[in-house]
file data.txt (compact mmCIF, C-alpha atoms and all ligand atoms)
# COMPACT_ATOMS: atom_id res chain seq x y z
CA MET A 220 144.47 -18.41 98.31
CA LYS A 221 142.25 -21.49 97.92
CA ARG A 222 138.49 -21.25 98.29
CA ASP A 223 138.50 -23.70 101.22
CA ASN A 224 140.70 -21.24 103.14
CA PHE A 225 138.27 -18.33 102.69
CA GLU A 226 136.61 -19.02 106.07
CA LYS A 227 139.81 -18.05 107.85
CA ALA A 228 140.78 -15.27 105.43
CA SER A 229 140.67 -11.50 105.88
CA PHE A 230 141.23 -8.56 103.51
CA LYS A 231 144.89 -8.51 104.58
CA ASP A 232 145.50 -11.88 102.88
CA PHE A 233 144.95 -10.24 99.51
CA GLU A 234 147.50 -7.47 100.04
CA ASN A 235 150.68 -7.65 97.98
CA ILE A 236 150.67 -11.41 97.18
CA PRO A 237 154.19 -12.53 96.13
CA VAL A 238 154.81 -13.32 92.42
CA GLN A 239 151.14 -12.87 91.52
CA ASN A 240 150.27 -10.13 89.02
CA ILE A 241 147.93 -7.48 90.50
CA TYR A 242 145.12 -8.35 88.06
CA THR A 243 145.22 -11.99 89.24
CA THR A 244 145.19 -10.82 92.86
CA ALA A 245 142.24 -8.50 92.21
CA LYS A 246 140.31 -11.35 90.56
CA GLU A 247 140.99 -13.65 93.53
CA PHE A 248 139.90 -10.91 95.92
CA GLU A 249 136.68 -10.55 93.96
CA THR A 250 136.04 -14.29 94.42
CA TYR A 251 136.57 -13.84 98.17
CA LEU A 252 134.12 -10.92 98.27
CA ASN A 253 131.56 -13.04 96.41
CA PHE A 254 132.09 -15.80 98.97
CA LEU A 255 131.27 -13.28 101.75
CA LYS A 256 128.29 -11.99 99.76
CA ASP A 257 126.88 -15.51 99.21
CA ASN A 258 126.96 -16.05 102.98
CA GLY A 259 125.33 -12.68 103.68
CA HIS A 260 128.57 -11.49 105.27
CA LEU A 261 129.49 -8.62 102.98
CA ASN A 262 128.24 -5.95 105.35
CA TYR A 263 130.48 -3.24 103.96
CA ARG A 264 129.69 -0.22 101.77
CA ILE A 265 125.99 -0.50 102.61
CA GLU A 266 124.24 2.37 100.87
CA SER A 267 122.19 4.74 103.02
CA LEU A 268 119.40 6.77 101.45
CA SER A 269 118.96 8.98 104.52
CA PRO A 270 121.29 11.33 106.44
CA VAL A 271 123.73 10.25 109.15
CA GLY A 272 121.70 9.53 112.26
CA PRO A 273 120.66 7.09 114.96
CA GLU A 274 118.41 5.48 112.35
CA MET A 275 119.21 5.20 108.66
CA ASN A 276 117.31 3.99 105.61
CA LEU A 277 119.59 1.31 104.17
CA LEU A 278 119.69 -0.61 100.94
CA LEU A 279 120.65 -3.94 102.49
CA PRO A 280 122.64 -6.52 100.50
CA GLY A 281 120.38 -8.28 98.00
CA ASP A 282 117.34 -6.04 98.72
CA THR A 283 115.67 -3.75 96.18
CA HIS A 284 113.87 -1.63 98.80
CA PRO A 285 115.50 0.24 101.67
CA THR A 286 114.95 -0.67 105.34
CA TRP A 287 115.12 1.63 108.37
CA CYS A 288 117.69 0.33 110.86
CA VAL A 289 119.02 1.55 114.19
CA CYS A 290 122.59 2.57 113.39
CA LEU A 291 125.66 2.30 115.59
CA VAL A 292 128.20 2.90 112.87
CA SER A 293 128.62 6.66 112.90
CA ASN A 294 131.35 8.69 114.60
CA ASP A 295 129.05 11.74 114.55
CA TYR A 296 128.91 11.27 118.32
CA LEU A 297 127.17 14.53 119.23
CA GLY A 298 124.88 14.53 116.18
CA PHE A 299 126.45 17.81 115.00
CA SER A 300 126.38 16.86 111.30
CA GLN A 301 122.61 17.45 111.54
CA HIS A 302 122.60 20.38 114.00
CA PRO A 303 120.64 23.33 112.52
CA LEU A 304 123.26 25.90 113.57
CA VAL A 305 126.10 23.84 112.09
CA LYS A 306 124.18 23.37 108.85
CA ALA A 307 123.40 27.11 108.73
CA ALA A 308 127.12 27.90 109.15
CA VAL A 309 127.99 25.54 106.27
CA ILE A 310 125.33 27.14 104.05
CA LYS A 311 126.58 30.61 104.95
CA GLY A 312 130.14 29.52 104.11
CA VAL A 313 129.08 28.23 100.69
CA GLU A 314 126.97 31.32 99.97
CA GLN A 315 129.80 33.64 100.92
CA PHE A 316 132.77 31.74 99.44
CA GLY A 317 131.36 29.19 96.96
CA THR A 318 131.96 25.46 96.86
CA GLY A 319 135.71 25.18 96.50
CA SER A 320 138.95 26.90 97.48
CA GLY A 321 140.63 26.59 94.10
CA ALA A 322 144.28 26.07 95.03
CA SER A 323 146.75 24.62 97.48
CA PRO A 324 147.52 26.78 100.53
CA ALA A 325 150.86 28.30 99.55
CA ILE A 326 149.68 29.52 96.15
CA GLY A 327 146.22 31.04 96.58
CA GLY A 328 144.12 28.47 98.48
CA HIS A 329 144.50 29.87 102.00
CA PHE A 330 141.32 31.73 103.00
CA VAL A 331 140.06 33.56 106.06
CA TYR A 332 137.97 30.50 107.09
CA HIS A 333 141.10 28.28 107.06
CA GLN A 334 143.02 30.85 109.10
CA ARG A 335 140.18 31.13 111.63
CA LEU A 336 139.86 27.36 111.91
CA GLU A 337 143.60 26.92 112.51
CA LYS A 338 143.51 29.50 115.30
CA LYS A 339 140.27 28.17 116.78
CA ILE A 340 141.27 24.51 117.02
CA ALA A 341 144.65 25.49 118.50
CA ALA A 342 142.94 27.73 121.09
CA PHE A 343 140.50 24.90 121.93
CA TYR A 344 143.55 22.99 123.21
CA LYS A 345 145.05 26.13 124.86
CA ARG A 346 147.70 26.47 122.12
CA THR A 347 148.45 29.06 119.44
CA ASP A 348 149.37 27.20 116.25
CA ALA A 349 147.78 24.52 114.09
CA ILE A 350 147.84 23.26 110.51
CA LEU A 351 144.88 21.81 108.59
CA TYR A 352 144.85 18.73 106.38
CA THR A 353 141.98 17.53 104.23
CA THR A 354 141.49 14.36 106.29
CA GLY A 355 142.36 13.14 109.77
CA TYR A 356 144.18 10.27 108.09
CA THR A 357 146.59 12.61 106.29
CA ALA A 358 147.06 14.77 109.40
CA ASN A 359 148.81 11.72 110.91
CA SER A 360 150.42 10.13 107.88
CA ALA A 361 151.72 13.33 106.28
CA THR A 362 153.01 14.91 109.48
CA LEU A 363 154.97 11.87 110.61
CA GLN A 364 156.29 11.31 107.10
CA CYS A 365 157.54 14.90 107.03
CA LEU A 366 159.12 14.95 110.49
CA LEU A 367 160.81 11.54 110.77
CA HIS A 368 163.39 9.92 108.47
CA LYS A 369 165.91 7.12 108.22
CA ASP A 370 168.91 6.44 106.07
CA ASP A 371 169.10 2.70 105.36
CA ARG A 372 172.73 2.92 104.21
CA ASN A 373 173.91 4.81 107.25
CA LYS A 374 173.32 3.73 110.87
CA ASP A 375 174.75 7.00 112.20
CA PRO A 376 172.38 8.32 114.93
CA SER A 377 172.87 11.83 113.58
CA VAL A 378 170.77 11.04 110.48
CA ASN A 379 168.21 8.54 111.83
CA ASP A 380 164.94 9.07 113.69
CA LEU A 381 162.78 6.64 115.63
CA ALA A 382 159.00 6.30 115.96
CA ILE A 383 157.84 4.31 118.99
CA LEU A 384 154.19 3.27 118.57
CA ASP A 385 151.58 1.79 120.85
CA MET A 386 150.67 -1.34 118.84
CA ASN A 387 147.01 -0.30 118.64
CA VAL A 388 147.46 3.10 116.95
CA HIS A 389 145.42 3.89 113.86
CA ALA A 390 146.47 2.73 110.36
CA SER A 391 147.28 6.34 109.40
CA VAL A 392 150.12 6.39 111.95
CA TYR A 393 151.52 3.13 110.61
CA GLU A 394 151.50 4.64 107.13
CA GLY A 395 153.21 7.82 108.38
CA VAL A 396 156.19 5.93 109.80
CA LEU A 397 156.97 3.79 106.72
CA THR A 398 160.02 5.91 105.97
CA THR A 399 161.57 5.94 109.43
CA THR A 400 162.73 3.34 111.97
CA VAL A 401 159.84 1.93 114.00
CA LYS A 402 159.59 0.11 117.32
CA THR A 403 156.31 -0.83 119.00
CA PHE A 404 155.22 -1.50 122.57
CA LEU A 405 152.27 -3.57 123.76
CA HIS A 406 149.08 -1.60 124.13
CA ASN A 407 149.28 0.81 127.12
CA ASP A 408 152.25 -1.15 128.52
CA LEU A 409 154.32 1.50 130.30
CA ILE A 410 157.05 -0.88 131.41
CA MET A 411 157.67 -1.98 127.83
CA LEU A 412 157.57 1.63 126.61
CA GLU A 413 160.23 2.59 129.14
CA HIS A 414 162.35 -0.41 128.13
CA VAL A 415 162.22 0.63 124.45
CA LEU A 416 163.03 4.25 125.31
CA LYS A 417 165.95 3.28 127.54
CA HIS A 418 167.57 1.30 124.73
CA ALA A 419 166.84 3.91 122.08
CA GLN A 420 168.08 6.92 124.03
CA ASN A 421 171.10 8.61 122.37
CA ASN A 422 170.89 6.27 119.36
CA TYR A 423 168.62 8.43 117.24
CA ARG A 424 168.35 12.05 116.15
CA THR A 425 164.65 12.56 117.01
CA ILE A 426 162.55 10.04 118.95
CA MET A 427 158.74 10.32 118.92
CA VAL A 428 156.32 8.23 120.96
CA ILE A 429 152.99 8.04 119.15
CA ILE A 430 149.75 7.04 120.85
CA ASP A 431 146.00 7.51 120.45
CA GLY A 432 143.92 9.25 123.14
CA VAL A 433 140.91 6.97 122.66
CA TYR A 434 141.69 3.73 120.80
CA SER A 435 139.33 3.23 117.89
CA GLN A 436 138.68 -0.52 118.18
CA ASP A 437 138.50 -0.96 121.97
CA GLY A 438 137.32 2.51 122.99
CA ASP A 439 139.76 2.49 125.90
CA VAL A 440 142.02 5.44 126.71
CA ALA A 441 145.76 6.03 127.06
CA PRO A 442 147.29 7.08 130.41
CA ILE A 443 148.64 10.20 128.67
CA ALA A 444 150.19 11.98 131.67
CA LYS A 445 152.19 8.90 132.71
CA ILE A 446 153.28 8.25 129.12
CA ALA A 447 154.33 11.90 128.75
CA GLU A 448 156.43 11.73 131.91
CA ILE A 449 158.29 8.60 130.76
CA THR A 450 158.69 9.91 127.20
CA HIS A 451 160.20 13.22 128.27
CA ARG A 452 162.46 11.56 130.85
CA TYR A 453 164.25 9.90 127.93
CA GLY A 454 164.42 13.03 125.78
CA ALA A 455 161.69 11.91 123.37
CA TYR A 456 158.59 13.79 122.11
CA LEU A 457 154.96 12.73 122.57
CA VAL A 458 152.39 12.72 119.74
CA VAL A 459 148.72 12.05 120.64
CA ASP A 460 145.95 11.40 118.09
CA ASP A 461 142.68 12.03 119.91
CA ALA A 462 140.34 11.56 116.94
CA HIS A 463 137.68 9.83 119.07
CA GLY A 464 138.24 11.85 122.25
CA ILE A 465 137.43 15.39 121.11
CA GLY A 466 133.89 16.42 122.05
CA VAL A 467 133.33 13.15 123.94
CA VAL A 468 135.89 12.73 126.74
CA GLY A 469 137.04 15.22 129.40
CA GLU A 470 134.95 17.60 131.46
CA THR A 471 134.60 20.15 128.66
CA GLY A 472 135.13 17.78 125.72
CA ARG A 473 138.86 18.48 125.22
CA GLY A 474 139.43 14.74 125.05
CA VAL A 475 141.80 12.43 126.88
CA ILE A 476 144.34 15.27 127.16
CA GLU A 477 141.83 17.07 129.40
CA LEU A 478 140.86 13.85 131.23
CA HIS A 479 144.48 13.45 132.32
CA ASN A 480 145.17 17.20 132.58
CA ALA A 481 148.05 16.84 130.12
CA PHE A 482 147.60 20.07 128.10
CA ASP A 483 151.22 21.11 128.70
CA GLN A 484 152.70 17.66 128.32
CA VAL A 485 151.81 16.66 124.76
CA ASP A 486 154.23 17.91 122.10
CA ILE A 487 152.03 17.26 119.07
CA ILE A 488 148.24 16.84 119.11
CA THR A 489 146.52 15.43 116.03
CA GLY A 490 142.84 14.86 115.36
CA THR A 491 139.94 14.99 112.98
CA PHE A 492 136.90 17.15 112.25
CA SER A 493 135.09 14.10 110.85
CA LYS A 494 133.79 12.62 114.10
CA ALA A 495 132.26 14.70 116.93
CA LEU A 496 132.63 17.87 114.83
CA GLY A 497 130.41 16.50 112.06
CA ASN A 498 132.46 17.54 109.02
CA ILE A 499 135.72 16.40 107.38
CA GLY A 500 139.39 17.30 107.69
CA GLY A 501 142.28 16.87 110.08
CA TYR A 502 144.46 19.10 112.24
CA VAL A 503 147.85 19.08 113.88
CA ILE A 504 148.67 21.33 116.84
CA ALA A 505 152.28 21.86 117.83
CA SER A 506 154.91 24.50 118.59
CA PRO A 507 154.93 27.51 116.20
CA GLU A 508 158.18 26.41 114.53
CA ILE A 509 156.98 22.83 113.90
CA ILE A 510 153.69 24.10 112.46
CA THR A 511 155.48 26.57 110.16
CA TYR A 512 157.87 23.81 109.08
CA LEU A 513 154.90 21.54 108.20
CA LYS A 514 153.14 24.36 106.32
CA TYR A 515 156.10 24.64 103.95
CA GLN A 516 157.53 21.11 103.98
CA SER A 517 154.63 18.66 104.38
CA LYS A 518 153.90 17.59 100.81
CA GLN A 519 150.30 16.49 101.29
CA HIS A 520 149.53 19.95 102.71
CA LEU A 521 151.70 22.00 100.36
CA PHE A 522 150.69 20.35 97.09
CA SER A 523 147.01 19.67 97.78
CA THR A 524 144.00 21.97 97.50
CA THR A 525 142.65 23.24 100.81
CA ALA A 526 139.28 22.36 102.36
CA THR A 527 136.02 23.80 101.00
CA PRO A 528 134.17 26.75 102.63
CA ALA A 529 131.85 24.11 104.17
CA VAL A 530 134.46 23.93 106.95
CA MET A 531 132.77 27.04 108.35
CA GLY A 532 130.42 24.52 109.95
CA ILE A 533 133.36 23.29 112.05
CA LEU A 534 133.84 26.76 113.54
CA LYS A 535 130.27 26.57 114.85
CA ALA A 536 130.59 22.93 115.96
CA ILE A 537 133.64 23.82 118.08
CA ASP A 538 131.62 26.60 119.76
CA LEU A 539 128.74 24.21 120.40
CA ILE A 540 130.93 21.87 122.45
CA ASP A 541 131.06 24.68 125.04
CA GLU A 542 127.68 26.31 124.33
CA GLU A 543 125.53 23.15 124.34
CA PRO A 544 127.06 20.66 126.80
CA GLN A 545 123.74 18.80 126.89
CA TRP A 546 124.79 16.77 123.83
CA LYS A 547 127.81 15.35 125.60
CA MET A 548 125.65 14.60 128.66
CA ARG A 549 123.08 12.77 126.55
CA LEU A 550 125.84 10.86 124.82
CA TRP A 551 127.25 9.67 128.15
CA ASP A 552 123.78 8.65 129.41
CA ASN A 553 123.47 6.54 126.27
CA ILE A 554 126.98 5.09 126.55
CA GLU A 555 126.32 3.98 130.15
CA TYR A 556 122.89 2.58 129.28
CA LEU A 557 124.11 0.50 126.35
CA LYS A 558 127.33 -0.61 128.04
CA ASN A 559 125.59 -1.70 131.24
CA GLY A 560 122.81 -3.40 129.26
CA LEU A 561 125.38 -5.45 127.32
CA ILE A 562 127.35 -6.30 130.47
CA ASN A 563 124.12 -7.42 132.17
CA LEU A 564 123.46 -9.71 129.22
CA GLY A 565 126.88 -11.26 129.80
CA PHE A 566 128.81 -9.73 126.87
CA ASP A 567 132.48 -8.79 127.06
CA VAL A 568 132.82 -5.08 126.24
CA GLY A 569 136.45 -4.83 127.38
CA THR A 570 137.70 -1.66 129.05
CA THR A 571 135.95 0.97 126.94
CA ALA A 572 135.79 4.47 128.42
CA SER A 573 134.38 6.32 125.40
CA ALA A 574 131.58 6.22 122.81
CA VAL A 575 133.19 3.23 121.07
CA ILE A 576 131.72 0.01 122.46
CA PRO A 577 133.07 -3.35 121.28
CA VAL A 578 131.34 -6.67 121.87
CA LYS A 579 134.16 -9.20 121.81
CA VAL A 580 133.39 -12.34 119.84
CA GLY A 581 136.81 -13.76 118.89
CA ASP A 582 136.20 -15.87 115.80
CA ILE A 583 135.98 -14.05 112.43
CA MET A 584 133.15 -16.11 110.88
CA LYS A 585 131.08 -15.93 114.06
CA THR A 586 131.56 -12.15 114.14
CA LEU A 587 130.48 -11.81 110.51
CA GLU A 588 127.45 -14.00 111.21
CA ALA A 589 126.57 -11.88 114.26
CA GLY A 590 126.73 -8.78 112.03
CA ARG A 591 124.41 -10.41 109.51
CA LEU A 592 121.87 -11.49 112.15
CA LEU A 593 121.89 -8.08 113.83
CA LEU A 594 121.23 -6.44 110.49
CA LYS A 595 118.30 -8.82 109.89
CA LEU A 596 116.93 -7.65 113.23
CA GLY A 597 117.23 -4.02 112.10
CA VAL A 598 120.48 -3.14 113.92
CA TYR A 599 123.44 -1.89 111.87
CA THR A 600 126.84 -2.44 113.53
CA ASN A 601 130.40 -2.98 112.30
CA PRO A 602 131.98 -6.45 112.36
CA ILE A 603 135.70 -5.78 112.87
CA MET A 604 138.37 -8.31 112.06
CA TYR A 605 142.06 -8.67 111.25
CA PRO A 606 144.06 -6.55 110.42
CA ALA A 607 142.12 -3.85 112.31
CA VAL A 608 142.37 -6.13 115.38
CA SER A 609 144.45 -9.27 116.02
CA LYS A 610 143.31 -12.54 114.41
CA LYS A 611 141.58 -14.02 117.49
CA ASN A 612 140.07 -10.74 118.55
CA ALA A 613 137.25 -10.13 116.06
CA ARG A 614 134.35 -8.15 117.46
CA ILE A 615 131.19 -6.22 116.75
CA ARG A 616 132.02 -2.53 117.19
CA MET A 617 129.43 0.13 117.94
CA ASN A 618 129.55 3.91 118.09
CA VAL A 619 126.98 5.50 120.36
CA MET A 620 125.40 8.88 119.50
CA ALA A 621 123.81 11.56 121.67
CA THR A 622 120.73 11.29 119.46
CA HIS A 623 120.03 7.61 120.14
CA THR A 624 116.83 7.21 122.16
CA ARG A 625 116.14 4.61 124.86
CA GLU A 626 113.89 2.81 122.32
CA HIS A 627 116.80 2.57 119.88
CA LEU A 628 119.12 1.20 122.54
CA ASP A 629 116.53 -1.26 123.87
CA LYS A 630 116.11 -2.56 120.32
CA VAL A 631 119.89 -3.05 120.12
CA LEU A 632 119.99 -4.92 123.45
CA HIS A 633 117.07 -7.11 122.43
CA ALA A 634 118.77 -7.91 119.10
CA PHE A 635 122.02 -8.87 120.85
CA ASP A 636 120.06 -11.14 123.18
CA GLU A 637 118.44 -12.86 120.19
CA VAL A 638 121.74 -13.26 118.32
CA ASP A 639 123.36 -14.64 121.46
CA LYS A 640 120.74 -17.41 121.60
CA GLN A 641 121.89 -18.54 118.16
CA LEU A 642 125.64 -17.96 118.39
CA SER A 643 126.48 -18.26 122.12
CA ILE A 644 128.69 -15.20 122.34
CA SER A 645 128.11 -14.07 125.94
CA ASN A 646 129.48 -15.61 129.12
CA ARG A 647 126.05 -17.15 129.78
CA PHE A 648 127.31 -19.92 127.50
CA SER A 649 130.79 -20.41 128.90
CA GLU A 650 131.52 -22.69 131.87
CA VAL A 651 133.90 -20.15 133.32
CA PRO A 652 132.56 -16.60 132.98
CA LYS A 653 134.68 -14.55 130.56
C1 LIG B 701 142.24 7.11 115.76
C2 LIG B 701 141.95 7.62 114.39
N1 LIG B 701 142.79 8.50 113.83
C3 LIG B 701 142.58 9.01 112.59
C4 LIG B 701 141.49 8.63 111.84
C5 LIG B 701 141.30 9.19 110.47
O1 LIG B 701 140.37 10.21 110.48
P1 LIG B 701 139.50 10.59 109.19
O2 LIG B 701 138.50 9.48 109.02
O3 LIG B 701 138.88 11.86 109.55
O4 LIG B 701 140.42 10.66 108.03
C6 LIG B 701 140.57 7.73 112.39
C7 LIG B 701 139.39 7.36 111.57
O5 LIG B 701 138.67 6.50 111.73
C8 LIG B 701 140.81 7.20 113.68
O6 LIG B 701 139.97 6.31 114.22
call {"tool": "encode", "arguments": {"input": "data.txt", "output": "structure tokens"}}
result
Amino acid sequence: MKRDNFEKASFKDFENIPVQNIYTTAKEFETYLNFLKDNGHLNYRIESLSPVGPEMNLLLPGDTHPTWCVCLVSNDYLGFSQHPLVKAAVIKGVEQFGTGSGASPAIGGHFVYHQRLEKKIAAFYKRTDAILYTTGYTANSATLQCLLHKDDRNKDPSVNDLAILDMNVHASVYEGVLTTTVKTFLHNDLIMLEHVLKHAQNNYRTIMVIIDGVYSQDGDVAPIAKIAEITHRYGAYLVVDDAHGIGVVGETGRGVIELHNAFDQVDIITGTFSKALGNIGGYVIASPEIITYLKYQSKQHLFSTTATPAVMGILKAIDLIDEEPQWKMRLWDNIEYLKNGLINLGFDVGTTASAVIPVKVGDIMKTLEAGRLLLKLGVYTNPIMYPAVSKKNARIRMNVMATHTREHLDKVLHAFDEVDKQLSISNRFSEVPK
């Protein structure tokens, strides 16, 4: 890629370049990163010297001293990574069991805290069986890879499976379906989903429809109950990843599945402990036979060391969702305050219904510049561009926390107003309101 094309480039352009040796590609990518850095647009991997929180002490690009910024980049929606009772549970876990588990689950690495966590997360969703993975990413990628297959030399439906994805699902799902046949439908488009299912019916061994509960770039939610009804009508199974929904959405924080009262209609639930539960790790909840199958057949589970005793903090965090609902209430007060403030300023926040709030910008360079200016004004957000979203759909993405104060959020709104004066992002600057 030529330097004059860097303005329109994204990380994706440096993936798997034909003919070029990987060392040449890496060198070219480095030049691109330096181009971003020279323009103050390399707002990634910013080092924080303080804990996760609504404010963090950041070593900003080019600075030698840290700066306190209001942060909207953390998925620790309820602030549980800093909750004294969660921290105490982690400390107790480490004191009782040490810092590591020492082996993979089948051969000595399955401990009482893993067993309790499997049962607890399953019960949270009114089920009996779950399996743990060391990240939310692998919960999706490893499970799908284990359950779905294709045989490229043989089109016989008796040996081929099909994954039908909402186009906006997380990267981990796309990775999980690399070894099966894949079809996609436009985001939340039920007519298209039904069309795909109708044509696929009877042509595959197992068909799975895979969606997110809350979508991570737009913060909008899936109509799970309707999707479940269509999916099952055509003999397919429904998989829902509600990584951003747990703890945040639904009357008691059971996510989009609770919002749409679809507890009995989802065949496989996946999710993560890394967001509202303030820790790390992923889970899959399904029928007892599918979970047992994964425990003995899913390679990333079977051949990888289990989570550390620090996961005992997750047991407490799950309890706190029920015991301290005030965090979810505070979070929603903050979500409404920030969302309405941005709308009143004329920004396009799309159809978010969660703690993920995008401000749609469109152009990649303008989005990166907005990220830089916001940071200069002491507000840390995430500029998101292709391939995480489509090429013309770059945006600033924010994650709201229960622990943000009104002062924090007012600072954010003021900063957006200032940036808008320079970059004309809001509909105050368009002839036809967006
Ligand atoms: C929808 C979704 N699924 C899965 C993941 C992966 O979870 P983890 O970061 O815990 O590996 C993410 C992470 O950002 C996500 O947004």
call {"tool": "residues_around", "arguments": {"input": "data.txt", "residues": "segment 364-370 of chain A", "least_positions_apart": "3", "cutoff": "6 Å", "atoms": "only C-alpha atoms", "output": "JSON, numbers by chain"}}
result
{"A": [361, 373, 379, 380, 395, 398, 399, 517]}
call {"tool": "residues_near_ligand", "arguments": {"input": "data.txt", "ligand": "ligand LIG 701 (chain B)", "cutoff": "6 Å", "atoms": "only C-alpha atoms and all ligand atoms", "output": "list in words"}}
result
Thr354, Gly355, Tyr356, His389, Ser435, Ala462, Thr491, Ser493, Ile499 and Gly500 of chain A
call {"tool": "write_last_selection", "arguments": {"input": "data.txt", "atoms": "C-alpha atoms", "output": "short mmCIF file (atom, residue, chain, number, x, y, z; two decimals), in the frame of the given file"}}
result
data_model
loop_
_atom_site.label_atom_id
_atom_site.label_comp_id
_atom_site.auth_asym_id
_atom_site.auth_seq_id
_atom_site.Cartn_x
_atom_site.Cartn_y
_atom_site.Cartn_z
CA THR A 354 141.49 14.36 106.29
CA GLY A 355 142.36 13.14 109.77
CA TYR A 356 144.18 10.27 108.09
CA HIS A 389 145.42 3.89 113.86
CA SER A 435 139.33 3.23 117.89
CA ALA A 462 140.34 11.56 116.94
CA THR A 491 139.94 14.99 112.98
CA SER A 493 135.09 14.10 110.85
CA ILE A 499 135.72 16.40 107.38
CA GLY A 500 139.39 17.30 107.69
#
call {"tool": "closest_residue", "arguments": {"input": "data.txt", "among": "A:Leu596, A:Leu521, A:Ala349, A:Ile236", "to": "Thr489 of chain A", "atoms": "all atoms listed in the file"}}
result
A:Ala349
call {"tool": "atom_distance", "arguments": {"input": "data.txt", "atom1": "atom CA of Lys630 of chain A", "atom2": "atom CA of Phe648 of chain A"}}
result
21.9 Å
call {"tool": "residues_around", "arguments": {"input": "data.txt", "residues": "segment 588-590 of chain A", "least_positions_apart": "2", "cutoff": "8 Å", "atoms": "only C-alpha atoms", "output": "PDB file with C-alpha atoms, in the coordinates of the input"}}
result
ATOM      1  CA  GLY A 259     125.330 -12.680 103.680  1.00  0.00           C
ATOM      2  CA  HIS A 260     128.570 -11.490 105.270  1.00  0.00           C
ATOM      3  CA  ASN A 262     128.240  -5.950 105.350  1.00  0.00           C
ATOM      4  CA  MET A 584     133.150 -16.110 110.880  1.00  0.00           C
ATOM      5  CA  LYS A 585     131.080 -15.930 114.060  1.00  0.00           C
ATOM      6  CA  THR A 586     131.560 -12.150 114.140  1.00  0.00           C
ATOM      7  CA  LEU A 592     121.870 -11.490 112.150  1.00  0.00           C
ATOM      8  CA  LEU A 593     121.890  -8.080 113.830  1.00  0.00           C
ATOM      9  CA  LEU A 594     121.230  -6.440 110.490  1.00  0.00           C
ATOM     10  CA  TYR A 599     123.440  -1.890 111.870  1.00  0.00           C
ATOM     11  CA  THR A 600     126.840  -2.440 113.530  1.00  0.00           C
ATOM     12  CA  ASN A 601     130.400  -2.980 112.300  1.00  0.00           C
ATOM     13  CA  PRO A 602     131.980  -6.450 112.360  1.00  0.00           C
ATOM     14  CA  ILE A 615     131.190  -6.220 116.750  1.00  0.00           C
ATOM     15  CA  VAL A 638     121.740 -13.260 118.320  1.00  0.00           C
ATOM     16  CA  LEU A 642     125.640 -17.960 118.390  1.00  0.00           C
TER      17      LEU A 642
END
call {"tool": "residues_around", "arguments": {"input": "data.txt", "residues": "segment 343-347 of chain A", "least_positions_apart": "4", "cutoff": "9 Å", "atoms": "all atoms listed in the file", "output": "tab-separated table (two decimals) with C-alpha atoms, in the coordinates of the input"}}
result
chain	number	residue	atom	x	y	z
A	337	GLU	CA	143.60	26.92	112.51
A	338	LYS	CA	143.51	29.50	115.30
A	339	LYS	CA	140.27	28.17	116.78
A	473	ARG	CA	138.86	18.48	125.22
A	476	ILE	CA	144.34	15.27	127.16
A	477	GLU	CA	141.83	17.07	129.40
A	482	PHE	CA	147.60	20.07	128.10
A	483	ASP	CA	151.22	21.11	128.70
A	488	ILE	CA	148.24	16.84	119.11
A	504	ILE	CA	148.67	21.33	116.84
A	505	ALA	CA	152.28	21.86	117.83
A	506	SER	CA	154.91	24.50	118.59
A	507	PRO	CA	154.93	27.51	116.20
A	537	ILE	CA	133.64	23.82	118.08
call {"tool": "closest_residue", "arguments": {"input": "data.txt", "among": "A:Val238, A:Val503, A:Ile583, A:Ile449", "to": "Gln484 of chain A", "atoms": "all atoms listed in the file"}}
result
A:Ile449
call {"tool": "residues_around", "arguments": {"input": "data.txt", "residues": "Phe299 of chain A", "least_positions_apart": "2", "cutoff": "10 Å", "atoms": "only C-alpha atoms", "output": "PyMOL selection string"}}
result
chain A and resi 271-272+295-297+301-306+494-498+532-533+535-537+539-540+546+621-622
call {"tool": "atom_distance", "arguments": {"input": "data.txt", "atom1": "atom CA of Glu542 of chain A", "atom2": "atom CA of Glu626 of chain A"}}
result
27.3 Å
call {"tool": "residues_around", "arguments": {"input": "data.txt", "residues": "His627 of chain A", "least_positions_apart": "4", "cutoff": "7 Å", "atoms": "only C-alpha atoms", "output": "list of chain:residue names"}}
result
A:Val289, A:His623, A:Val631
call {"tool": "closest_residue", "arguments": {"input": "data.txt", "among": "A:Ser573, A:Ser377, A:Ser391, A:Gln545", "to": "Gly432 of chain A", "atoms": "only C-alpha atoms"}}
result
A:Ser573
call {"tool": "closest_residue", "arguments": {"input": "data.txt", "among": "A:Met411, A:Ala307, A:Val433, A:Ala358", "to": "Gly466 of chain A", "atoms": "only C-alpha atoms"}}
result
A:Val433
call {"tool": "atom_distance", "arguments": {"input": "data.txt", "atom1": "atom CA of Glu314 of chain A", "atom2": "atom CA of Thr524 of chain A"}}
result
19.6 Å
call {"tool": "closest_residue", "arguments": {"input": "data.txt", "among": "A:Tyr515, A:Phe635, A:Tyr423, A:Phe230", "to": "Ser323 of chain A", "atoms": "all atoms listed in the file"}}
result
A:Tyr515
